[in-house]
$ cat target.cif   # mmCIF, C-alpha atoms
data_model
#
loop_
_atom_site.label_atom_id
_atom_site.label_comp_id
_atom_site.auth_asym_id
_atom_site.auth_seq_id
_atom_site.Cartn_x
_atom_site.Cartn_y
_atom_site.Cartn_z
CA MET A 1 -276.96 101.99 -68.07
CA PHE A 2 -275.10 103.10 -71.23
CA LEU A 3 -271.72 102.40 -69.62
CA ALA A 4 -272.70 98.95 -68.34
CA LEU A 5 -274.33 97.96 -71.63
CA SER A 6 -271.35 99.13 -73.67
CA LYS A 7 -268.89 97.12 -71.57
CA VAL A 8 -270.97 93.93 -71.70
CA THR A 9 -271.51 94.29 -75.45
CA TYR A 10 -267.83 94.91 -76.10
CA PHE A 11 -266.85 91.87 -74.01
CA LEU A 12 -269.07 89.70 -76.19
CA VAL A 13 -268.05 91.09 -79.58
CA THR A 14 -264.34 91.64 -78.95
CA PRO A 15 -262.81 89.57 -81.76
CA SER A 16 -260.42 87.54 -79.59
CA ASN A 17 -263.27 86.68 -77.20
CA PHE A 18 -265.76 86.11 -80.01
CA PHE A 19 -263.55 83.63 -81.85
CA ILE A 20 -262.94 81.71 -78.61
CA PHE A 21 -266.69 81.60 -77.99
CA LEU A 22 -267.15 80.14 -81.47
CA GLY A 23 -264.60 77.45 -80.67
CA LEU A 24 -266.38 76.60 -77.43
CA ILE A 25 -269.71 76.39 -79.23
CA GLY A 26 -268.11 74.11 -81.78
CA PHE A 27 -266.76 71.85 -79.04
CA ALA A 28 -270.16 71.73 -77.34
CA LEU A 29 -271.84 70.81 -80.63
CA LEU A 30 -269.34 68.01 -81.18
CA MET A 31 -270.09 66.67 -77.71
CA MET A 32 -273.77 66.72 -78.68
CA ARG A 33 -272.88 64.63 -81.77
CA ARG A 34 -273.67 67.48 -84.17
CA ARG A 35 -270.44 66.92 -86.04
CA ALA A 36 -270.94 69.14 -89.10
CA ALA A 37 -272.06 72.19 -87.14
CA GLY A 38 -269.37 71.64 -84.49
CA ILE A 39 -266.60 71.48 -87.09
CA ALA A 40 -267.96 74.60 -88.83
CA PHE A 41 -268.04 76.69 -85.63
CA GLY A 42 -264.65 75.41 -84.48
CA ALA A 43 -263.03 76.03 -87.87
CA PHE A 44 -264.45 79.55 -88.07
CA GLY A 45 -263.17 80.36 -84.59
CA PHE A 46 -259.72 78.99 -85.37
CA LEU A 47 -259.58 80.81 -88.71
CA GLY A 48 -260.55 84.08 -87.03
CA LEU A 49 -257.77 83.75 -84.46
CA LEU A 50 -255.31 82.85 -87.21
CA LEU A 51 -256.18 85.70 -89.56
CA GLY A 52 -256.63 88.27 -86.83
CA GLY A 53 -253.47 87.27 -84.99
CA LEU A 54 -250.88 86.72 -87.70
CA THR A 55 -251.97 88.40 -90.94
CA PRO A 56 -252.05 92.14 -91.80
CA LEU A 57 -255.84 92.15 -91.26
CA SER A 58 -255.58 93.97 -87.93
CA ALA A 59 -253.41 96.71 -89.43
CA LEU A 60 -255.83 97.17 -92.32
CA ILE A 61 -258.66 97.82 -89.85
CA LEU A 62 -256.63 99.99 -87.45
CA LEU A 63 -254.75 102.20 -89.91
CA PRO A 64 -257.71 104.30 -91.15
CA LEU A 65 -258.17 105.39 -87.53
CA GLU A 66 -254.50 106.10 -86.81
CA GLN A 67 -253.95 107.94 -90.09
CA ARG A 68 -257.06 110.12 -89.79
CA PHE A 69 -255.17 112.94 -88.06
CA ALA A 70 -251.62 113.87 -88.97
CA ALA A 71 -248.95 113.82 -86.30
CA TYR A 72 -248.61 117.18 -84.59
CA PRO A 73 -245.82 119.15 -86.34
CA ALA A 74 -242.65 119.00 -84.27
CA ALA A 75 -241.58 122.42 -85.54
CA ASP A 76 -244.71 124.12 -84.20
CA ARG A 77 -243.61 125.95 -81.08
CA ALA A 78 -246.58 128.29 -80.80
CA ALA A 79 -247.72 128.19 -77.20
CA PRO A 80 -251.24 126.81 -76.72
CA THR A 81 -253.69 128.15 -74.16
CA GLY A 82 -253.99 124.72 -72.66
CA ILE A 83 -253.34 121.00 -73.02
CA ILE A 84 -255.92 118.29 -72.38
CA ILE A 85 -255.07 114.64 -71.91
CA LEU A 86 -257.64 111.87 -71.84
CA GLY A 87 -257.30 109.19 -69.20
CA GLY A 88 -256.85 105.56 -70.12
CA ALA A 89 -253.14 105.04 -69.55
CA ILE A 90 -253.16 104.40 -65.80
CA MET A 91 -254.07 101.04 -64.26
CA THR A 92 -255.90 102.40 -61.25
CA GLY A 93 -256.51 99.12 -59.44
CA VAL A 94 -252.88 98.04 -59.59
CA SER A 95 -251.69 101.59 -58.84
CA GLU A 96 -253.79 101.63 -55.68
CA ALA A 97 -252.64 98.18 -54.61
CA ARG A 98 -248.94 98.94 -55.22
CA GLU A 99 -249.10 102.58 -54.09
CA GLN A 100 -247.27 103.84 -57.18
CA VAL A 101 -248.09 104.75 -60.74
CA VAL A 102 -248.64 101.70 -62.95
CA VAL A 103 -249.32 102.42 -66.62
CA ASN A 104 -250.54 100.26 -69.46
CA ASP A 105 -249.56 100.21 -73.14
CA ALA A 106 -251.03 103.68 -73.70
CA ALA A 107 -248.36 105.24 -71.46
CA GLU A 108 -247.31 107.62 -74.25
CA ARG A 109 -250.28 109.77 -73.26
CA GLN A 110 -248.64 110.49 -69.90
CA ILE A 111 -245.16 110.85 -71.38
CA TYR A 112 -246.19 113.51 -73.87
CA PHE A 113 -248.42 115.28 -71.37
CA ALA A 114 -245.40 115.82 -69.12
CA ASP A 115 -243.25 116.84 -72.12
CA LEU A 116 -245.81 119.40 -73.31
CA ALA A 117 -246.15 120.77 -69.78
CA ARG A 118 -242.41 121.38 -69.75
CA ARG A 119 -242.30 122.87 -73.25
CA PHE A 120 -245.17 125.27 -72.59
CA PRO A 121 -244.80 126.47 -68.99
CA ASP A 122 -247.73 128.91 -69.22
CA ALA A 123 -250.28 126.48 -70.68
CA ARG A 124 -253.19 125.25 -68.57
CA LEU A 125 -253.01 121.51 -67.95
CA VAL A 126 -256.20 119.45 -67.87
CA PHE A 127 -256.35 115.75 -67.04
CA THR A 128 -259.78 114.25 -67.62
CA GLY A 129 -260.37 110.73 -66.38
CA GLY A 130 -262.67 109.24 -63.80
CA SER A 131 -263.40 105.57 -63.32
CA GLY A 132 -264.54 103.45 -66.22
CA VAL A 133 -265.42 100.62 -63.84
CA VAL A 134 -269.12 99.88 -63.52
CA GLY A 135 -270.12 100.47 -59.93
CA GLY A 136 -267.21 102.74 -59.01
CA GLY A 137 -263.47 102.51 -58.60
CA THR A 138 -260.59 104.91 -58.09
CA PRO A 139 -260.66 107.77 -60.63
CA GLU A 140 -257.51 108.13 -62.72
CA ALA A 141 -257.40 111.84 -61.93
CA ASP A 142 -257.01 110.98 -58.25
CA ILE A 143 -253.94 108.87 -59.04
CA VAL A 144 -252.51 111.74 -61.10
CA SER A 145 -253.12 114.15 -58.22
CA ARG A 146 -251.33 111.88 -55.78
CA GLU A 147 -248.44 110.92 -58.06
CA ALA A 148 -247.94 114.16 -60.03
CA ASP A 149 -244.33 114.53 -58.90
CA ALA A 150 -243.42 111.02 -60.06
CA MET A 151 -244.92 111.76 -63.49
CA GLY A 152 -243.08 115.05 -63.86
CA LEU A 153 -246.25 117.15 -63.69
CA PRO A 154 -246.42 120.52 -61.90
CA ARG A 155 -249.14 120.20 -59.27
CA SER A 156 -249.84 123.93 -59.19
CA ARG A 157 -250.93 123.94 -62.85
CA LEU A 158 -253.04 120.78 -62.92
CA ILE A 159 -256.78 120.98 -63.48
CA LEU A 160 -258.25 117.58 -62.67
CA GLU A 161 -261.59 116.23 -63.84
CA ASN A 162 -262.41 112.96 -62.06
CA ARG A 163 -266.08 112.26 -62.86
CA SER A 164 -265.97 111.19 -66.51
CA ARG A 165 -266.43 107.53 -67.37
CA ASN A 166 -266.15 107.62 -71.15
CA THR A 167 -265.02 109.84 -74.01
CA TYR A 168 -268.32 111.68 -74.27
CA GLU A 169 -268.10 112.68 -70.61
CA ASN A 170 -264.39 113.57 -71.01
CA ALA A 171 -265.38 116.20 -73.55
CA THR A 172 -268.55 117.44 -71.88
CA PHE A 173 -267.09 117.77 -68.38
CA SER A 174 -263.83 119.32 -69.65
CA ALA A 175 -265.73 121.96 -71.60
CA ALA A 176 -267.80 122.83 -68.53
CA LEU A 177 -264.70 122.90 -66.32
CA VAL A 178 -262.41 125.17 -68.36
CA GLN A 179 -265.05 127.12 -70.34
CA PRO A 180 -262.83 127.78 -73.39
CA LYS A 181 -263.09 131.19 -75.02
CA PRO A 182 -263.18 131.96 -78.75
CA GLY A 183 -259.73 132.25 -80.22
CA GLU A 184 -258.05 130.06 -77.61
CA ARG A 185 -255.88 127.19 -78.82
CA TRP A 186 -256.06 123.88 -76.98
CA LEU A 187 -254.17 120.65 -77.67
CA LEU A 188 -255.88 117.30 -77.17
CA VAL A 189 -253.59 114.39 -76.31
CA THR A 190 -254.88 110.86 -76.76
CA SER A 191 -254.08 107.68 -78.68
CA ALA A 192 -253.97 108.10 -82.47
CA TRP A 193 -256.50 105.30 -82.97
CA HIS A 194 -258.86 107.00 -80.49
CA MET A 195 -258.45 110.54 -81.83
CA PRO A 196 -261.37 110.56 -84.33
CA ARG A 197 -263.95 109.69 -81.68
CA ALA A 198 -262.37 112.07 -79.15
CA ILE A 199 -262.29 115.00 -81.59
CA GLY A 200 -265.90 114.30 -82.56
CA CYS A 201 -267.00 114.44 -78.91
CA PHE A 202 -265.13 117.68 -78.21
CA ARG A 203 -266.62 119.31 -81.31
CA GLN A 204 -270.09 118.24 -80.24
CA ALA A 205 -269.41 119.79 -76.82
CA GLY A 206 -268.48 123.07 -78.50
CA PHE A 207 -264.82 122.76 -77.55
CA THR A 208 -262.40 123.39 -80.45
CA VAL A 209 -259.16 121.46 -79.99
CA ASP A 210 -256.11 120.58 -82.09
CA ALA A 211 -255.20 116.90 -82.32
CA PHE A 212 -251.94 115.74 -80.74
CA PRO A 213 -252.04 111.98 -81.49
CA VAL A 214 -249.72 109.61 -79.62
CA ASP A 215 -249.59 105.89 -78.78
CA TYR A 216 -249.37 104.64 -82.36
CA ARG A 217 -249.73 100.88 -82.81
CA THR A 218 -248.61 100.69 -86.45
CA ARG A 219 -245.64 101.96 -88.48
CA GLY A 220 -247.93 103.14 -91.26
CA TRP A 221 -249.33 101.54 -94.40
CA ILE A 222 -246.19 99.40 -94.71
CA ASP A 223 -247.71 97.22 -91.99
CA THR A 224 -250.41 96.07 -94.41
CA THR A 225 -247.70 94.00 -96.10
CA ARG A 226 -246.23 92.48 -92.95
CA PHE A 227 -247.24 89.40 -90.99
CA LYS A 228 -247.08 89.36 -87.20
CA GLY A 229 -244.47 87.42 -85.28
CA PHE A 230 -246.86 86.86 -82.36
CA ALA A 231 -250.59 86.25 -82.65
CA SER A 232 -251.15 88.19 -79.44
CA ASP A 233 -249.89 91.37 -81.14
CA GLY A 234 -252.31 91.08 -84.01
CA LEU A 235 -255.26 90.21 -81.79
CA LEU A 236 -254.56 93.22 -79.56
CA GLN A 237 -254.58 95.50 -82.61
CA LEU A 238 -257.73 93.86 -83.91
CA ASP A 239 -259.52 94.22 -80.58
CA LEU A 240 -258.59 97.92 -80.35
CA ALA A 241 -259.67 98.62 -83.91
CA VAL A 242 -263.01 96.83 -83.67
CA LYS A 243 -263.77 98.54 -80.36
CA GLU A 244 -263.11 101.96 -81.90
CA TRP A 245 -265.17 101.32 -85.02
CA ILE A 246 -268.07 100.10 -82.88
CA GLY A 247 -267.60 103.08 -80.56
CA LEU A 248 -267.71 105.49 -83.50
CA ALA A 249 -270.96 103.98 -84.76
CA VAL A 250 -272.59 103.94 -81.32
CA TYR A 251 -271.52 107.52 -80.54
CA ARG A 252 -272.87 108.73 -83.88
CA LEU A 253 -276.22 107.01 -83.31
CA ALA A 254 -276.38 108.37 -79.75
CA GLY A 255 -275.70 111.91 -80.96
CA TYR A 256 -272.37 112.18 -79.14
CA THR A 257 -270.63 113.00 -82.45
CA SER A 258 -271.94 114.52 -85.65
CA ASP A 259 -269.88 112.39 -88.07
CA TRP A 260 -269.34 108.68 -88.54
CA LEU A 261 -265.57 109.20 -88.80
CA PRO A 262 -264.58 112.69 -87.60
CA GLY A 263 -261.55 114.10 -89.34
CA PRO A 264 -259.57 117.33 -89.64
CA GLU A 265 -261.69 120.37 -90.35
CA PRO A 266 -260.97 121.91 -93.76
CA GLU A 267 -258.84 125.02 -93.61
CA ALA A 268 -260.63 128.25 -94.40
CA ALA A 269 -259.88 129.68 -97.82
CA PRO A 270 -257.73 132.83 -97.84
CA GLY A 271 -259.83 135.90 -97.26
CA SER A 272 -262.87 133.95 -96.03
CA ALA A 273 -264.52 134.83 -92.77
CA SER A 274 -263.60 132.64 -89.81
CA ARG A 275 -266.33 130.68 -88.10
#

$ encode --input "target.cif" --output "structure tokens"
Amino acid sequence: MFLALSKVTYFLVTPSNFFIFLGLIGFALLMMRRRAAGIAFGAFGFLGLLLGGLTPLSALILLPLEQRFAAYPAADRAAPTGIIILGGAIMTGVSEAREQVVVNDAAERQIYFADLARRFPDARLVFTGGSGVVGGGTPEADIVSREADAMGLPRSRLILENRSRNTYENATFSAALVQPKPGERWLLVTSAWHMPRAIGCFRQAGFTVDAFPVDYRTRGWIDTTRFKGFASDGLLQLDLAVKEWIGLAVYRLAGYTSDWLPGPEPEAAPGSASR
């Protein structure tokens, strides 16, 4: 029920959809000879598409999420116990139909998963991703299992979790599957804009992980001074950002995270006891 309700709600409140709905309502009101109300709804819908698509508004909303966790230090070569990647980069329906791996614009998750697997040959590799489709569908983990060679992943080291349907289940099922021990060091690979919610869920599941953010959609705060060349780019950013902010609020209210905007844990002071 939670999954179905979340997808329906997001469809309705996604900014690009919402502004189109306002335009349609405005048109319907004009047809009903309610001119003032029709113009108001239509103008608001058009203004939303304009501001969200071409102005820096989308970057302003997305950047606090992407900047929440620093990029993983390139110089850090300390071998982790394991590496976890969240699903979301593979288009399962098209992959099944075409019988090959088809990725979306979050493909950096898969790229860096393969790179980390190569860099740390002794690390355990966990892919967590079932089907986010209401009523079933092919789990992402099943595609990874079938196409591991094409993605440069060593089959013998893969631990696949194929039941999760959302970030909360990614964390809960992964923790139950690998049963991390105190003192182990795990890397979590997911999109930078999704990292706060993901880290919050893993903490709530009792699984301590280090953030390895990828799939950035902005260049940094400089983007707050730049206008978009294509409205579609801005609306995509805006849709992602609004979805994440809503997801953070819903997960906090549901008890899936303990903070409204999870961030890096403060480093322990020298000489203090570790938790």

$ resolve_selection --input "target.cif" --expression "the PyMOL selection byres ((chain A and resi 82-93) around 9)" --output "short mmCIF file (atom, residue, chain, number, x, y, z; two decimals) with C-alpha atoms, in the coordinates of the input"
data_model
loop_
_atom_site.label_atom_id
_atom_site.label_comp_id
_atom_site.auth_asym_id
_atom_site.auth_seq_id
_atom_site.Cartn_x
_atom_site.Cartn_y
_atom_site.Cartn_z
CA ALA A 79 -247.72 128.19 -77.20
CA PRO A 80 -251.24 126.81 -76.72
CA THR A 81 -253.69 128.15 -74.16
CA VAL A 94 -252.88 98.04 -59.59
CA SER A 95 -251.69 101.59 -58.84
CA GLU A 96 -253.79 101.63 -55.68
CA ALA A 97 -252.64 98.18 -54.61
CA ARG A 98 -248.94 98.94 -55.22
CA VAL A 101 -248.09 104.75 -60.74
CA VAL A 102 -248.64 101.70 -62.95
CA VAL A 103 -249.32 102.42 -66.62
CA ASN A 104 -250.54 100.26 -69.46
CA ASP A 105 -249.56 100.21 -73.14
CA ALA A 106 -251.03 103.68 -73.70
CA ALA A 107 -248.36 105.24 -71.46
CA GLU A 108 -247.31 107.62 -74.25
CA ARG A 109 -250.28 109.77 -73.26
CA GLN A 110 -248.64 110.49 -69.90
CA PHE A 113 -248.42 115.28 -71.37
CA LEU A 116 -245.81 119.40 -73.31
CA ALA A 117 -246.15 120.77 -69.78
CA PHE A 120 -245.17 125.27 -72.59
CA ASP A 122 -247.73 128.91 -69.22
CA ALA A 123 -250.28 126.48 -70.68
CA ARG A 124 -253.19 125.25 -68.57
CA LEU A 125 -253.01 121.51 -67.95
CA VAL A 126 -256.20 119.45 -67.87
CA PHE A 127 -256.35 115.75 -67.04
CA THR A 128 -259.78 114.25 -67.62
CA GLY A 129 -260.37 110.73 -66.38
CA GLY A 130 -262.67 109.24 -63.80
CA SER A 131 -263.40 105.57 -63.32
CA GLY A 132 -264.54 103.45 -66.22
CA GLY A 137 -263.47 102.51 -58.60
CA THR A 138 -260.59 104.91 -58.09
CA PRO A 139 -260.66 107.77 -60.63
CA GLU A 140 -257.51 108.13 -62.72
CA ALA A 141 -257.40 111.84 -61.93
CA ILE A 143 -253.94 108.87 -59.04
CA VAL A 144 -252.51 111.74 -61.10
CA THR A 167 -265.02 109.84 -74.01
CA ASN A 170 -264.39 113.57 -71.01
CA SER A 174 -263.83 119.32 -69.65
CA GLU A 184 -258.05 130.06 -77.61
CA ARG A 185 -255.88 127.19 -78.82
CA TRP A 186 -256.06 123.88 -76.98
CA LEU A 187 -254.17 120.65 -77.67
CA LEU A 188 -255.88 117.30 -77.17
CA VAL A 189 -253.59 114.39 -76.31
CA THR A 190 -254.88 110.86 -76.76
CA SER A 191 -254.08 107.68 -78.68
CA ALA A 198 -262.37 112.07 -79.15
CA VAL A 209 -259.16 121.46 -79.99
#

$ resolve_selection --input "target.cif" --expression "the PyMOL selection byres ((chain A and resi 236-242) around 8)" --output "PyMOL selection string"
chain A and resi 14-16+52-53+57-59+61-62+65+193+217+232-235+243-246

$ write_last_selection --input "target.cif" --atoms "C-alpha atoms" --output "PDB file, in the coordinates of the input"
ATOM      1  CA  THR A  14    -264.340  91.640 -78.950  1.00  0.00           C
ATOM      2  CA  PRO A  15    -262.810  89.570 -81.760  1.00  0.00           C
ATOM      3  CA  SER A  16    -260.420  87.540 -79.590  1.00  0.00           C
ATOM      4  CA  GLY A  52    -256.630  88.270 -86.830  1.00  0.00           C
ATOM      5  CA  GLY A  53    -253.470  87.270 -84.990  1.00  0.00           C
ATOM      6  CA  LEU A  57    -255.840  92.150 -91.260  1.00  0.00           C
ATOM      7  CA  SER A  58    -255.580  93.970 -87.930  1.00  0.00           C
ATOM      8  CA  ALA A  59    -253.410  96.710 -89.430  1.00  0.00           C
ATOM      9  CA  ILE A  61    -258.660  97.820 -89.850  1.00  0.00           C
ATOM     10  CA  LEU A  62    -256.630  99.990 -87.450  1.00  0.00           C
ATOM     11  CA  LEU A  65    -258.170 105.390 -87.530  1.00  0.00           C
ATOM     12  CA  TRP A 193    -256.500 105.300 -82.970  1.00  0.00           C
ATOM     13  CA  ARG A 217    -249.730 100.880 -82.810  1.00  0.00           C
ATOM     14  CA  SER A 232    -251.150  88.190 -79.440  1.00  0.00           C
ATOM     15  CA  ASP A 233    -249.890  91.370 -81.140  1.00  0.00           C
ATOM     16  CA  GLY A 234    -252.310  91.080 -84.010  1.00  0.00           C
ATOM     17  CA  LEU A 235    -255.260  90.210 -81.790  1.00  0.00           C
ATOM     18  CA  LYS A 243    -263.770  98.540 -80.360  1.00  0.00           C
ATOM     19  CA  GLU A 244    -263.110 101.960 -81.900  1.00  0.00           C
ATOM     20  CA  TRP A 245    -265.170 101.320 -85.020  1.00  0.00           C
ATOM     21  CA  ILE A 246    -268.070 100.100 -82.880  1.00  0.00           C
TER      22      ILE A 246
END

$ closest_residue --input "target.cif" --among "A:Ile222, A:Ala176, A:Val13, A:Leu29" --to "A:Leu63" --atoms "only C-alpha atoms"
A:Ile222

$ closest_residue --input "target.cif" --among "A:Gly48, A:Met151, A:Pro56, A:Leu253" --to "A:Trp221" --atoms "only C-alpha atoms"
A:Pro56

$ residues_around --input "target.cif" --residues "A:Gly255" --least-positions-apart "4" --cutoff "9 Å" --atoms "all atoms listed in the file" --output "ChimeraX atom specification"
/A:204,250-251

$ atom_distance --input "target.cif" --atom1 "atom CA of A:Ala254" --atom2 "atom CA of A:Ala171"
14.9 Å

$ atom_distance --input "target.cif" --atom1 "atom CA of A:Phe41" --atom2 "atom CA of A:Gly26"
4.6 Å

$ closest_residue --input "target.cif" --among "A:Gly183, A:Gly23, A:Pro213, A:Gly263" --to "A:Pro196" --atoms "all atoms listed in the file"
A:Gly263

$ atom_distance --input "target.cif" --atom1 "atom CA of A:Thr225" --atom2 "atom CA of A:Ala43"
25.0 Å

$ residues_around --input "target.cif" --residues "A:Ala40" --least-positions-apart "3" --cutoff "12 Å" --atoms "all atoms listed in the file" --output "PyMOL selection string"
chain A and resi 22-27+29-30+34-37+43-47

$ axis_aligned_box --input "target.cif" --around "stretch 82-90 of chain A" --padding-each-side "5 Å" --output "JSON"
{"center_x": -255.4, "center_y": 114.6, "center_z": -69.4, "size_x": 14.5, "size_y": 30.3, "size_z": 17.2}

$ closest_residue --input "target.cif" --among "A:Tyr112, A:Tyr10, A:Tyr256, A:Phe202" --to "A:Leu153" --atoms "all atoms listed in the file"
A:Tyr112

$ residues_near_point --input "target.cif" --point "(-249.3, 89.5, -91.8)" --cutoff "8 Å" --atoms "all atoms listed in the file" --output "list in words"
Leu54, Thr55, Pro56, Leu57, Asp223, Thr224, Thr225, Arg226, Phe227 and Lys228 of chain A
